[in-house]
Amino acid sequence: MRVWGPGPLLRAVRSLYDDRSRSLVRIAGNDVVLLASSSQDLQHVLERFAAECEAAGMRISTSKSEAMVLDRKRVACPLRVGGEVLPQVEEFKYLGVLFTSEGKMEREIDRRIGAASAVMRSVYRTVVVKKELSRKAKLSIYRSIYASHPHLWS
């Protein structure tokens, strides 16, 4: 969704809290995440959000939108925006975290371990095995990567 200013999007989000629907909205950059406790509530919230966006000259990009149900078993949730059904996915990445429909974190943990392992292998190949580097230099490189960049592991 392309947003030209904070005003229209803010009004669209506020509209979701005007009635008694139990919904939750999260925004990061141009991404909007709508959460509700039932598919009916979510469809209602989505319709209101789409209407407010259209009134402000914006539209929801259905080609970039997805639906996911958090449940231990597969549940269909056919959400529509302007007559188009949104694809339902079993997993998606949001703000760098992999979410799965069954709510388990094993895939995310495996992904983070894989990323850390890749960095470790790279450091080993480019630093640890180099005889040209002193132990002090190797330790300094190690500390600069692992101690001062904790975001590499998240």
# chains A, B, ... in the order shown; residues from 1 in each chain; ligands from 1
$ residues_around --residues "A:Ser101" --least-positions-apart "5" --cutoff "9 Å" --atoms "only C-alpha atoms" --output "list in words"
Met68, Val69, Leu70, Asp71, Arg72, Lys73, Arg74, Val89, Glu90, Glu91 and Phe92 of chain A
$ residues_around --residues "A:Ser63" --least-positions-apart "4" --cutoff "12 Å" --atoms "only C-alpha atoms" --output "PyMOL selection string"
chain A and resi 1+59+67+81+84-87
$ write_last_selection --atoms "all heavy atoms" --output "PDB file, in the first residue's frame"
ATOM      1  N   MET A   1       0.850  -1.151   0.000  1.00  0.00           N
ATOM      2  CA  MET A   1       0.000   0.000   0.000  1.00  0.00           C
ATOM      3  C   MET A   1       0.910   1.232   0.000  1.00  0.00           C
ATOM      4  O   MET A   1       1.842   1.325   0.770  1.00  0.00           O
ATOM      5  CB  MET A   1      -0.876  -0.008   1.245  1.00  0.00           C
ATOM      6  CG  MET A   1      -1.691   1.220   1.399  1.00  0.00           C
ATOM      7  SD  MET A   1      -2.648   1.320   2.921  1.00  0.00           S
ATOM      8  CE  MET A   1      -2.646  -0.283   3.567  1.00  0.00           C
ATOM      9  N   ARG A  59      -5.421   2.611  -1.810  1.00  0.00           N
ATOM     10  CA  ARG A  59      -6.089   1.324  -1.961  1.00  0.00           C
ATOM     11  C   ARG A  59      -5.181   0.215  -1.460  1.00  0.00           C
ATOM     12  O   ARG A  59      -3.960   0.349  -1.476  1.00  0.00           O
ATOM     13  CB  ARG A  59      -6.511   1.070  -3.401  1.00  0.00           C
ATOM     14  CG  ARG A  59      -5.427   0.809  -4.360  1.00  0.00           C
ATOM     15  CD  ARG A  59      -5.992   0.474  -5.753  1.00  0.00           C
ATOM     16  NE  ARG A  59      -5.006  -0.211  -6.545  1.00  0.00           N
ATOM     17  CZ  ARG A  59      -4.733  -1.511  -6.492  1.00  0.00           C
ATOM     18  NH1 ARG A  59      -5.388  -2.295  -5.664  1.00  0.00           N
ATOM     19  NH2 ARG A  59      -3.806  -2.046  -7.258  1.00  0.00           N
ATOM     20  N   ALA A  67      -3.414 -13.590   3.885  1.00  0.00           N
ATOM     21  CA  ALA A  67      -4.150 -13.933   5.103  1.00  0.00           C
ATOM     22  C   ALA A  67      -3.496 -15.153   5.730  1.00  0.00           C
ATOM     23  O   ALA A  67      -3.013 -16.043   5.025  1.00  0.00           O
ATOM     24  CB  ALA A  67      -5.609 -14.239   4.771  1.00  0.00           C
ATOM     25  N   VAL A  81     -11.117  -8.470  -0.578  1.00  0.00           N
ATOM     26  CA  VAL A  81     -10.931  -7.024  -0.689  1.00  0.00           C
ATOM     27  C   VAL A  81     -11.385  -6.650  -2.085  1.00  0.00           C
ATOM     28  O   VAL A  81     -10.800  -7.094  -3.070  1.00  0.00           O
ATOM     29  CB  VAL A  81      -9.459  -6.604  -0.488  1.00  0.00           C
ATOM     30  CG1 VAL A  81      -9.289  -5.119  -0.732  1.00  0.00           C
ATOM     31  CG2 VAL A  81      -8.975  -6.971   0.894  1.00  0.00           C
ATOM     32  N   GLU A  84     -11.877  -9.476  -4.541  1.00  0.00           N
ATOM     33  CA  GLU A  84     -10.760 -10.390  -4.743  1.00  0.00           C
ATOM     34  C   GLU A  84     -10.449 -11.139  -3.445  1.00  0.00           C
ATOM     35  O   GLU A  84     -10.369 -10.539  -2.380  1.00  0.00           O
ATOM     36  CB  GLU A  84      -9.508  -9.632  -5.190  1.00  0.00           C
ATOM     37  CG  GLU A  84      -9.616  -9.027  -6.572  1.00  0.00           C
ATOM     38  CD  GLU A  84      -8.316  -8.386  -6.993  1.00  0.00           C
ATOM     39  OE1 GLU A  84      -7.259  -9.057  -6.924  1.00  0.00           O
ATOM     40  OE2 GLU A  84      -8.353  -7.209  -7.374  1.00  0.00           O
ATOM     41  N   VAL A  85     -10.264 -12.457  -3.558  1.00  0.00           N
ATOM     42  CA  VAL A  85      -9.922 -13.272  -2.391  1.00  0.00           C
ATOM     43  C   VAL A  85      -8.426 -13.170  -2.148  1.00  0.00           C
ATOM     44  O   VAL A  85      -7.622 -13.328  -3.070  1.00  0.00           O
ATOM     45  CB  VAL A  85     -10.332 -14.745  -2.609  1.00  0.00           C
ATOM     46  CG1 VAL A  85      -9.912 -15.591  -1.416  1.00  0.00           C
ATOM     47  CG2 VAL A  85     -11.835 -14.854  -2.824  1.00  0.00           C
ATOM     48  N   LEU A  86      -8.055 -12.896  -0.908  1.00  0.00           N
ATOM     49  CA  LEU A  86      -6.643 -12.833  -0.556  1.00  0.00           C
ATOM     50  C   LEU A  86      -6.080 -14.243  -0.417  1.00  0.00           C
ATOM     51  O   LEU A  86      -6.749 -15.119   0.138  1.00  0.00           O
ATOM     52  CB  LEU A  86      -6.442 -12.080   0.762  1.00  0.00           C
ATOM     53  CG  LEU A  86      -6.875 -10.626   0.803  1.00  0.00           C
ATOM     54  CD1 LEU A  86      -6.577 -10.029   2.175  1.00  0.00           C
ATOM     55  CD2 LEU A  86      -6.184  -9.822  -0.276  1.00  0.00           C
ATOM     56  N   PRO A  87      -4.864 -14.470  -0.887  1.00  0.00           N
ATOM     57  CA  PRO A  87      -4.272 -15.798  -0.715  1.00  0.00           C
ATOM     58  C   PRO A  87      -4.016 -16.079   0.766  1.00  0.00           C
ATOM     59  O   PRO A  87      -3.614 -15.183   1.502  1.00  0.00           O
ATOM     60  CB  PRO A  87      -2.958 -15.725  -1.495  1.00  0.00           C
ATOM     61  CG  PRO A  87      -2.662 -14.278  -1.648  1.00  0.00           C
ATOM     62  CD  PRO A  87      -3.971 -13.558  -1.592  1.00  0.00           C
TER      63      PRO A  87
END
$ closest_atom_pairs --of "stretch 96-129 of chain A" --to "stretch 134-147 of chain A" --cutoff "8 Å" --atoms "only C-alpha atoms" --output "tab-separated table"
residue	atom	partner	partner_atom	distance
A:Val123	CA	A:Tyr142	CA	7.9
A:Val127	CA	A:Lys138	CA	6.3
A:Val128	CA	A:Lys138	CA	6.5
$ write_last_selection --atoms "all heavy atoms" --output "compact mmCIF listing (two decimals), in the first residue's frame"
# COMPACT_ATOMS: atom_id res chain seq x y z
N VAL A 123 33.48 -16.31 9.14
CA VAL A 123 34.57 -15.82 9.98
C VAL A 123 35.67 -16.87 10.07
O VAL A 123 36.87 -16.54 9.99
CB VAL A 123 34.05 -15.44 11.39
CG1 VAL A 123 35.20 -15.21 12.36
CG2 VAL A 123 33.16 -14.22 11.32
N VAL A 127 39.06 -15.56 8.69
CA VAL A 127 39.85 -15.03 9.79
C VAL A 127 40.61 -16.12 10.54
O VAL A 127 41.84 -16.10 10.63
CB VAL A 127 38.97 -14.22 10.78
CG1 VAL A 127 39.77 -13.76 11.98
CG2 VAL A 127 38.32 -13.04 10.07
N VAL A 128 39.87 -17.06 11.09
CA VAL A 128 40.45 -18.04 12.02
C VAL A 128 41.59 -18.83 11.39
O VAL A 128 42.65 -19.02 12.01
CB VAL A 128 39.37 -18.98 12.57
CG1 VAL A 128 39.97 -20.06 13.45
CG2 VAL A 128 38.33 -18.17 13.36
$ closest_residue --among "A:Glu66, A:Lys104, A:Ser122, A:Ile109" --to "A:Pro78" --atoms "only C-alpha atoms"
A:Glu66
$ atom_distance --atom1 "atom CA of A:Ser38" --atom2 "atom CA of A:Val75"
10.9 Å
$ closest_residue --among "A:Asp41, A:Arg111, A:Asp31, A:Cys77" --to "A:Ser65" --atoms "only C-alpha atoms"
A:Asp31
$ closest_residue --among "A:Gln88, A:Ser37, A:Gly83, A:Val32" --to "A:Phe49" --atoms "only C-alpha atoms"
A:Val32
$ atom_distance --atom1 "atom CA of A:Lys64" --atom2 "atom CA of A:Leu95"
15.4 Å
$ select_by_dssp --residues "stretch 10-129 of chain A" --states "strand (DSSP E or B)" --output "JSON, numbers by chain"
{"A": [23, 24, 25, 26, 27, 28, 31, 32, 33, 34, 35, 36, 67, 80, 81, 84, 85, 88, 91, 92, 93, 94, 97, 98, 99, 100]}
$ closest_residue --among "A:Ala55, A:Ile60, A:Met105, A:Ala115" --to "A:Arg80" --atoms "only C-alpha atoms"
A:Ile60
